[in-house]
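See below for the structure under consideration.
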Amino acid sequence: LTATTSGVTSGVLTVTPHQFDSVEWIDPAAALTYQGEAFSPEELHTIAAQTMPNGDEVTFSVNYGGEVRSAGIYTAVAKVASVKNGEENVAAGNYDVSHVATRSLTVGRASLTLAGVDNAGTMSVESVYNASAQALDPSRLVFTFGDATYDADRDGALGLTLSYAQGGVSATPEHAGSYDVTVVLSSSNANFTPASLSGVAFVITRWELTAEEFKENVSVNIPENLKYTSSAQGATLSFTNKLADENIAYILKYYVLGEEGAMATDPSEPVNAASYAVKVTIDTADVYYVSAGSEGTLVIAPNDSIDLNGYVTADAGAGENAKYYTGGPLYPNVEATISGLRGEAAEIIVTDNSAFAFTFFVKDENGEEMSFAKTTVK
């Protein structure tokens with residue numbers, strides 16, 4: 001205080017805030033685990049209100065430097081929230097909590113559950129055989145934790161590794177079948193506990209080719225200019241595009257076509273001269289296709305050839321292949337085998353420079369004698 005000539009003293013009166021050295025911290029009701037959303041203040045540390053001797057009611061808040069959401073360790077700092085005396089508001093600056101010790105708050109990592117593929121509860125997903133190794137897209141996996149469903153935008157990316165097995169043995173998902181999927185979650189995302197998860201199946205079904213897909217991936221190779229040979233002749237298949245490197249079993253069936261193109265009901269071996277409709281059946285674990293109609297026409301033309309075999313019957317006692325001289329001409333026997341002719345032959349003409357008379361024993365390909373309407377010998 002300073003005295004003045006008027007007898008009035010003057011000076012500066014400093015009133016300092018009441019300093020709290022401690023407060024009553026109230027810990028969270030339960031351990032906190034990452035839940036996807038920020039925790040409310042009521043779920044975190046709180047501080048009990050205090051009534052001062054002068055009647056002031058002081059309430060407190062807790063500051064964490066931002067929202068408490070991600071897994072990790074947070075520092076809780078006490079703050080004066082409000083002061084009231086009865087119905088009258090009192091300036092919060094009258095109280096100082098800067099000396100109150102901070103508290104540590106931990107939000108633990110959550111444990112993910114593999115809940116399905118595309119939708120929770122769908123524990124298998126199908127793909128179609130395509131002659132290549134396949135894999136399940138990890139983005140299709142559905143994970144849950146607590147009451148929440150994992151969301152990459154909110155929860156951050158996951159470090160995932162997928163492996164496949166059949167019957168407990170590691171396998172590459174290429175051929176048709178069911179593969180058990182194991183999902184390994186790394187520690188790269190701090191919000192979730194590393195884990196190995198299972199329960200999802202990746203199923204590859206066999207490829208049932210449409211007519212258009214058959215044409216794109218399979219070629220029916222039908223030979224041309226075939227003639228009757230008494231043996232079966234036929235087409236082959238070659239595989240292209242997606243099936244180029246595949247060794248696929250198949251069955252070809254042949255149906256005789258009538259004069260007006262009518263297809264026989266039952267298949268036949270392509271032996272005899274005729275036109276045959278070609279049908280394809282592929283029925284493997286990986287690929288399936290059955291021709292609805294003809295995939296092409298195989299034509300076997302008649303051979304229309306005659307094979308002559310002349311011989312002379314030896315006379316008894318004359319020796320092998322020998323005959324006794326008789327003073328007249330010798331008459332060799334000639335056998336003619338006709339191949340490919342359908343129906344009864346109308347005429348056979350055999351020309352010989354020696355003008356011998358020939359006797360014909362004409363047989364078909366099965367060794368049966370054939371009759372002719374007329375035989376001309378020159």
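In the structure tokens, the first chain shown is A, the next is B, and so on; residue numbers restart at 1 for each chain, and ligands run from 1 in the order shown.
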
Taking a cut-off of 9 Å and counting only C-alpha atoms, can you build a table that, for each residue of stretch 136-164 of chain A near stretch 190-209 of chain A, reports the nearest atom pair and how far apart they are in Å (one decimal), sorted by chain then residue number, as a tab-separated table?
residue	atom	partner	partner_atom	distance
A:Leu136	CA	A:Phe202	CA	6.9
A:Asp155	CA	A:Asn191	CA	7.4
A:Gly156	CA	A:Asn191	CA	8.3
A:Leu158	CA	A:Phe192	CA	8.7
A:Tyr164	CA	A:Phe202	CA	8.4

Determine, for each residue of stretch 102-166 of chain A having at least one atom at most 10 Å from an atom of stretch 67-70 of chain A, the closest pair of atoms and their separation in Å to one decimal, counting only C-alpha atoms; order by chain and ascending number, as JSON lines.
{"residue": "A:Leu105", "atom": "CA", "partner": "A:Val68", "partner_atom": "CA", "distance": 9.4}
{"residue": "A:Thr106", "atom": "CA", "partner": "A:Val68", "partner_atom": "CA", "distance": 9.6}
{"residue": "A:Val107", "atom": "CA", "partner": "A:Ser70", "partner_atom": "CA", "distance": 7.1}
{"residue": "A:Gly108", "atom": "CA", "partner": "A:Ser70", "partner_atom": "CA", "distance": 8.6}
{"residue": "A:Arg109", "atom": "CA", "partner": "A:Ser70", "partner_atom": "CA", "distance": 8.5}
{"residue": "A:Asp155", "atom": "CA", "partner": "A:Ser70", "partner_atom": "CA", "distance": 8.5}

Query raised in the report: Near A:Asp118, within 9 Å and counting only C-alpha atoms, which residues show up once chain neighbours fewer than 4 positions away are dropped, as a list of chain:residue names?
Result: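 Near neighbours after the sequence-gap exclusion: A:Thr122, A:Val125, A:Ser139, A:Arg140, A:Leu141, A:Val142.
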
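Residues of stretch 138-261 of chain A carrying a DSSP assignment of helix (DSSP H, G or I), computed from the backbone, are Pro138, Ser139, Arg140, Ala152, Asp153, Arg154, Asp155, Ala211, Glu212, Glu213, Phe214, Lys215, Glu216, Asn217, Asn241, Lys242 and Leu243 of chain A.
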
Query - Residues within 10 Å of A:Asn247, only C-alpha atoms, excluding chain neighbours under 4 positions, as a PyMOL selection string - result: chain A and resi 238-239+243

Export of the given selection (C-alpha atoms) as a short mmCIF file (atom, residue, chain, number, x, y, z; two decimals), in the first residue's frame:
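part29.cif, written as the output of this step:
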data_model
loop_
_atom_site.label_atom_id
_atom_site.label_comp_id
_atom_site.auth_asym_id
_atom_site.auth_seq_id
_atom_site.Cartn_x
_atom_site.Cartn_y
_atom_site.Cartn_z
CA SER A 238 -7.57 -79.71 -80.44
CA PHE A 239 -7.79 -77.20 -77.61
CA LEU A 243 -7.74 -74.64 -72.84
#

Query raised in the report: Pick the closest to A:Val58 from A:Ala29, A:Val90, A:Leu185, A:Val299: which is it, counting only C-alpha atoms?
Result: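 Closest to A:Val58 of all the choices is A:Val90.
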
**Report entry** Gap from atom CA of A:Thr172 to atom CA of A:Ala133 - Å, one decimal
**Finding:**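 Interatomic distance, atom CA of A:Thr172 to atom CA of A:Ala133: 6.6 Å.
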
Report task. Could you tell me how far atom CA of A:Thr144 lies from atom CA of A:Ser188, in Å and to one decimal? Result -> 17.6 Å
